[in-house]
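K.L.:
So here's structure-v5.pdb (PDB, C-alpha atoms and all ligand atoms).
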ATOM      1  CA  MET K 182     -24.675   4.559  -7.473
ATOM      2  CA  ALA K 183     -22.891   7.181  -5.396
ATOM      3  CA  TYR K 184     -20.957   5.986  -2.360
ATOM      4  CA  THR K 185     -19.387   8.267   0.194
ATOM      5  CA  LEU K 186     -16.351   6.696   1.774
ATOM      6  CA  ASN K 187     -14.264   7.786   4.736
ATOM      7  CA  VAL K 188     -10.747   7.590   3.330
ATOM      8  CA  ASN K 189      -7.784   8.895   5.318
ATOM      9  CA  GLY K 190     -10.163  10.989   7.384
ATOM     10  CA  LYS K 191     -11.911  12.620   4.438
ATOM     11  CA  ALA K 192     -15.373  11.984   3.027
ATOM     12  CA  LEU K 193     -14.851  11.096  -0.638
ATOM     13  CA  SER K 194     -17.570  10.219  -3.140
ATOM     14  CA  ALA K 195     -17.468   7.705  -5.932
ATOM     15  CA  ASP K 196     -20.198   6.994  -8.452
ATOM     16  CA  VAL K 197     -19.550   3.337  -9.256
ATOM     17  CA  ASP K 198     -21.276  -0.050  -9.319
ATOM     18  CA  GLY K 199     -21.656  -1.536  -5.834
ATOM     19  CA  ASP K 200     -19.647  -4.620  -6.689
ATOM     20  CA  THR K 201     -16.617  -2.590  -7.788
ATOM     21  CA  PRO K 202     -13.634  -3.648  -5.678
ATOM     22  CA  LEU K 203     -12.462  -0.951  -3.288
ATOM     23  CA  LEU K 204      -9.009  -1.194  -4.906
ATOM     24  CA  TRP K 205     -10.321   0.174  -8.205
ATOM     25  CA  VAL K 206     -12.407   2.858  -6.541
ATOM     26  CA  LEU K 207      -9.302   4.067  -4.719
ATOM     27  CA  ARG K 208      -7.076   3.960  -7.770
ATOM     28  CA  ASP K 209      -9.347   4.855 -10.678
ATOM     29  CA  THR K 210     -11.992   7.088  -9.115
ATOM     30  CA  LEU K 211     -10.270   8.688  -6.142
ATOM     31  CA  ASN K 212      -6.804   8.803  -7.723
ATOM     32  CA  LEU K 213      -5.166   7.222  -4.677
ATOM     33  CA  VAL K 214      -2.755   5.136  -6.708
ATOM     34  CA  GLY K 215      -0.361   4.171  -3.913
ATOM     35  CA  THR K 216      -2.449   1.036  -3.334
ATOM     36  CA  LYS K 217      -1.317  -1.500  -5.925
ATOM     37  CA  TYR K 218      -2.905  -4.269  -7.952
ATOM     38  CA  GLY K 219      -0.916  -7.478  -7.892
ATOM     39  CA  CYS K 220      -3.066 -10.590  -8.226
ATOM     40  CA  GLY K 221      -6.705  -9.624  -7.734
ATOM     41  CA  VAL K 222      -7.377 -12.819  -5.780
ATOM     42  CA  ALA K 223      -6.178 -12.027  -2.237
ATOM     43  CA  ALA K 224      -2.926 -13.873  -2.793
ATOM     44  CA  CYS K 225      -0.232 -11.165  -2.807
ATOM     45  CA  GLY K 226      -1.061  -8.339  -0.379
ATOM     46  CA  ALA K 227      -0.104  -5.508  -2.762
ATOM     47  CA  CYS K 228      -3.585  -3.980  -2.379
ATOM     48  CA  THR K 229      -3.602  -3.968   1.448
ATOM     49  CA  VAL K 230      -5.433  -1.090   3.130
ATOM     50  CA  HIS K 231      -6.781  -0.682   6.654
ATOM     51  CA  ILE K 232     -10.498  -0.970   7.278
ATOM     52  CA  ASP K 233     -11.169   0.256  10.817
ATOM     53  CA  GLY K 234      -7.506  -0.476  11.529
ATOM     54  CA  GLN K 235      -7.522  -4.057  10.219
ATOM     55  CA  PRO K 236      -5.294  -4.917   7.265
ATOM     56  CA  MET K 237      -7.563  -6.029   4.414
ATOM     57  CA  ARG K 238      -7.097  -6.895   0.750
ATOM     58  CA  SER K 239      -8.902  -4.129  -1.117
ATOM     59  CA  CYS K 240      -9.116  -6.216  -4.314
ATOM     60  CA  GLN K 241     -11.630  -8.419  -2.472
ATOM     61  CA  ILE K 242     -13.840  -5.752  -0.898
ATOM     62  CA  PRO K 243     -16.890  -4.604  -2.881
ATOM     63  CA  VAL K 244     -17.302  -0.888  -2.344
ATOM     64  CA  GLU K 245     -20.927  -1.388  -1.268
ATOM     65  CA  SER K 246     -19.733  -3.344   1.787
ATOM     66  CA  VAL K 247     -17.504  -0.556   3.143
ATOM     67  CA  GLY K 248     -20.280   1.620   4.563
ATOM     68  CA  LYS K 249     -19.067   4.041   7.206
ATOM     69  CA  ALA K 250     -15.891   2.115   8.025
ATOM     70  CA  LYS K 251     -12.669   4.094   8.197
ATOM     71  CA  VAL K 252     -10.465   3.297   5.224
ATOM     72  CA  SER K 253      -6.767   4.141   5.438
ATOM     73  CA  THR K 254      -4.344   3.880   2.554
ATOM     74  CA  ILE K 255      -0.618   4.371   2.182
ATOM     75  CA  GLU K 256      -1.328   8.035   1.390
ATOM     76  CA  GLY K 257      -2.665   8.427   4.950
ATOM     77  CA  MET K 258       0.271   6.805   6.738
ATOM     78  CA  ALA K 259       2.334   9.981   7.167
ATOM     79  CA  ALA K 260      -0.450  11.244   9.463
ATOM     80  CA  ASN K 261      -0.517   7.993  11.453
ATOM     81  CA  PRO K 262       2.081   8.003  14.264
ATOM     82  CA  VAL K 263       2.860   4.295  13.845
ATOM     83  CA  GLY K 264       2.780   4.506  10.048
ATOM     84  CA  LYS K 265       5.203   7.402  10.197
ATOM     85  CA  LYS K 266       7.666   5.373  12.292
ATOM     86  CA  VAL K 267       7.335   2.418   9.941
ATOM     87  CA  GLN K 268       7.983   4.566   6.895
ATOM     88  CA  ALA K 269      11.024   6.153   8.562
ATOM     89  CA  ALA K 270      12.482   2.710   9.337
ATOM     90  CA  TRP K 271      11.785   1.618   5.754
ATOM     91  CA  THR K 272      13.704   4.615   4.417
ATOM     92  CA  GLU K 273      16.584   4.266   6.859
ATOM     93  CA  LEU K 274      17.100   0.607   5.979
ATOM     94  CA  ASP K 275      16.460   1.140   2.272
ATOM     95  CA  VAL K 276      13.930  -1.682   2.257
ATOM     96  CA  ALA K 277      12.376  -1.222  -1.174
ATOM     97  CA  GLN K 278      13.832  -2.719  -4.301
ATOM     98  CA  CYS K 279      11.399  -2.286  -7.239
ATOM     99  CA  GLY K 280       8.929  -0.911  -4.689
ATOM    100  CA  TYR K 281       5.778  -2.445  -6.135
ATOM    101  CA  CYS K 282       4.776  -4.479  -3.081
ATOM    102  CA  GLN K 283       5.949  -1.978  -0.503
ATOM    103  CA  ALA K 284       2.787   0.023   0.116
ATOM    104  CA  GLY K 285       1.058  -3.223   1.043
ATOM    105  CA  GLN K 286       4.002  -4.286   3.208
ATOM    106  CA  ILE K 287       3.924  -0.974   5.085
ATOM    107  CA  MET K 288       0.165  -1.221   5.609
ATOM    108  CA  SER K 289       0.481  -4.717   7.083
ATOM    109  CA  ALA K 290       3.483  -3.718   9.219
ATOM    110  CA  THR K 291       1.668  -0.655  10.552
ATOM    111  CA  ALA K 292      -1.406  -2.684  11.467
ATOM    112  CA  LEU K 293       0.828  -5.205  13.253
ATOM    113  CA  LEU K 294       2.718  -2.598  15.285
ATOM    114  CA  THR K 295      -0.457  -0.754  16.183
ATOM    115  CA  LYS K 296      -1.853  -3.924  17.719
ATOM    116  CA  THR K 297       1.425  -5.444  18.909
ATOM    117  CA  PRO K 298       4.040  -2.744  19.518
ATOM    118  CA  LYS K 299       6.901  -5.223  20.244
ATOM    119  CA  PRO K 300       6.239  -8.237  18.028
ATOM    120  CA  THR K 301       8.295 -11.410  18.171
ATOM    121  CA  ASP K 302       9.779 -12.863  14.991
ATOM    122  CA  GLU K 303       6.903 -15.350  14.896
ATOM    123  CA  GLN K 304       4.314 -12.589  15.196
ATOM    124  CA  ILE K 305       6.044 -10.667  12.399
ATOM    125  CA  ASP K 306       6.093 -13.754  10.181
ATOM    126  CA  GLU K 307       2.444 -14.433  10.856
ATOM    127  CA  ALA K 308       1.341 -10.854  10.183
ATOM    128  CA  MET K 309       3.454 -10.445   7.043
ATOM    129  CA  ASN K 310       2.861 -13.917   5.657
ATOM    130  CA  GLY K 311       0.347 -12.824   3.004
ATOM    131  CA  ASN K 312       2.470  -9.990   1.618
ATOM    132  CA  ILE K 313       4.559 -11.308  -1.235
ATOM    133  CA  CYS K 314       7.704  -9.533  -2.438
ATOM    134  CA  ARG K 315       8.988 -10.696  -5.810
ATOM    135  CA  CYS K 316      12.269  -8.892  -5.094
ATOM    136  CA  ALA K 317      12.607 -10.880  -1.841
ATOM    137  CA  THR K 318      13.201  -7.940   0.476
ATOM    138  CA  TYR K 319      11.939 -10.010   3.409
ATOM    139  CA  VAL K 320      15.093  -9.726   5.531
ATOM    140  CA  ARG K 321      15.049  -5.924   5.331
ATOM    141  CA  ILE K 322      11.287  -5.837   5.945
ATOM    142  CA  ARG K 323      11.730  -7.749   9.183
ATOM    143  CA  ALA K 324      14.664  -5.540  10.227
ATOM    144  CA  ALA K 325      12.623  -2.408   9.534
ATOM    145  CA  ILE K 326       9.689  -3.705  11.580
ATOM    146  CA  LYS K 327      12.097  -4.417  14.435
ATOM    147  CA  ARG K 328      13.620  -0.970  14.134
ATOM    148  CA  ALA K 329      10.226   0.730  14.053
ATOM    149  CA  SER K 330       9.291  -1.189  17.211
ATOM    150  CA  GLY K 331      12.481  -0.131  18.994
ATOM    151  CA  GLN K 332      13.796  -3.707  19.169
ATOM    152  CA  LYS K 333      17.191  -5.076  18.154
ATOM    153  CA  GLU K 334      17.197  -5.815  14.443
ATOM    154  CA  ALA K 335      19.090  -9.126  14.231
TER     155      ALA K 335
HETATM  156  S1  LIG R 401      -4.088  -7.559  -5.543
HETATM  157 FE1  LIG R 401      -5.203  -7.912  -3.736
HETATM  158  S2  LIG R 401      -4.103  -9.493  -2.727
HETATM  159 FE2  LIG R 401      -3.079  -9.280  -4.652
HETATM  160  S1  LIG R 402      10.273  -4.600  -3.702
HETATM  161 FE1  LIG R 402       9.853  -5.451  -5.670
HETATM  162  S2  LIG R 402       8.143  -6.744  -5.273
HETATM  163 FE2  LIG R 402       8.752  -6.121  -3.322
END
What is this file in structure tokens?

P.N.:
Amino acid sequence: MAYTLNVNGKALSADVDGDTPLLWVLRDTLNLVGTKYGCGVAACGACTVHIDGQPMRSCQIPVESVGKAKVSTIEGMAANPVGKKVQAAWTELDVAQCGYCQAGQIMSATALLTKTPKPTDEQIDEAMNGNICRCATYVRIRAAIKRASGQKEA
């Protein structure tokens, strides 16, 4: 069946089964490969996208349930004022190691700072809790979130 999705402000069509996870529609049909597959069971956060601004695990969202919701992916973050700040902080602090988890980290961080512009350490921990980094870049991730929010990093 053909689905028309609103992705990064564009109407994009995908002819797929309704139970296809959004992650695979983004990657395999729409060629938006910045969103990564890690676990497939909502346990790692690598596949995080925004659905109407909320960070969601795209491996768990059947495409038929998306409807007219606004989907944002890492490819759309340069056009998002908060996402742009987050990405700049990430680059300045050289956060990424292998990089695999980082799109998901940036999506969660951007959703956090959009809702809570000056998060406390506890709010950062809570928001980023489900995003796993096998390279353990957690200290730099927190510093970059602080920098993007204009707060002291340590
Ligand atoms: S791939 Fe979706 S949470 Fe791990
Ligand atoms: S940077 Fe390698 S998994 Fe996070």

K.L.:
Find the residues around segment 239-254 of chain K up to 6 Å (only C-alpha atoms counted), leave out those fewer than 5 positions away in its own chain, and share them as a list in words.

P.N.:
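Residues meeting the cut-off are Asn187, Val188, Asn189, Gly199, Asp200, Thr201, Pro202, Leu203, Leu204, Gly221, Cys228, Thr229, Val230, His231, Ile232 and Asp233 of chain K.
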
K.L.:
Apply the PyMOL selection byres (((chain K and resi 301) around 12) and not hetatm) to the structure shown and report the selected residues as a list of chain:residue names.

P.N.:
K:Leu293, K:Leu294, K:Thr297, K:Pro298, K:Lys299, K:Pro300, K:Asp302, K:Glu303, K:Gln304, K:Ile305, K:Asp306, K:Glu307, K:Ala308, K:Arg323, K:Ala324, K:Ile326, K:Lys327, K:Ser330, K:Gln332, K:Lys333, K:Glu334, K:Ala335

K.L.:
For ligand LIG 401 (chain R), which residue out of K:Gly234, K:Gly257, K:Gly285, K:Gly215 is the nearest one, using only C-alpha atoms and all ligand atoms?

P.N.:
K:Gly285

K.L.:
Which residues match the PyMOL selection byres (((chain K and resi 262-270) around 7) and not hetatm) in the file above, as a ChimeraX atom specification?

P.N.:
/K:258-261,271-274,287,291,295,325-326,328-329

K.L.:
Ranking K:Ile322, K:Ala317, K:Leu207, K:Cys282 by minimum distance to Gly219 of chain K and counting only C-alpha atoms, which one comes first?

P.N.:
K:Cys282

K.L.:
Can you tell me which residues sit at most 10 Å away from ligand LIG 402 (chain R), counting only C-alpha atoms and all ligand atoms, written as a PyMOL selection string?

P.N.:
chain K and resi 219+225+227+276-286+312-319+322

K.L.:
Take atom CA of Gly331 of chain K and atom CA of Met237 of chain K and report the distance between them in Å, one decimal.

P.N.:
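Computed distance, atom CA of Gly331 of chain K to atom CA of Met237 of chain K, equals 25.5 Å.
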
K.L.:
Just checking: using all atoms listed in the file, which residue out of K:Leu213, K:Ala224, K:Met309, K:Ala183 ends up closest to ligand LIG 401 (chain R)?

P.N.:
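Of the candidates, the smallest distance to ligand LIG 401 (chain R) is held by K:Ala224.
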
K.L.:
Using only C-alpha atoms, which protein or nucleic acid residues come within 7 Å of Asp196 of chain K? Drop anything in the same chain fewer than 2 positions from it, and give the result as a PDB file with C-alpha atoms, in the frame of the given file.

P.N.:
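out.pdb, written as the output of this step:
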ATOM      1  CA  MET K 182     -24.675   4.559  -7.473  1.00  0.00           C
ATOM      2  CA  ALA K 183     -22.891   7.181  -5.396  1.00  0.00           C
ATOM      3  CA  TYR K 184     -20.957   5.986  -2.360  1.00  0.00           C
ATOM      4  CA  SER K 194     -17.570  10.219  -3.140  1.00  0.00           C
TER       5      SER K 194
END

K.L.:
Using all atoms listed in the file for the distances, tell me which of K:Ala223, K:Asn212, K:Ser289, K:Gly311 is nearest to ligand LIG 401 (chain R).

P.N.:
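Once distances to ligand LIG 401 (chain R) are computed over all atoms listed in the file, the minimum belongs to K:Ala223.
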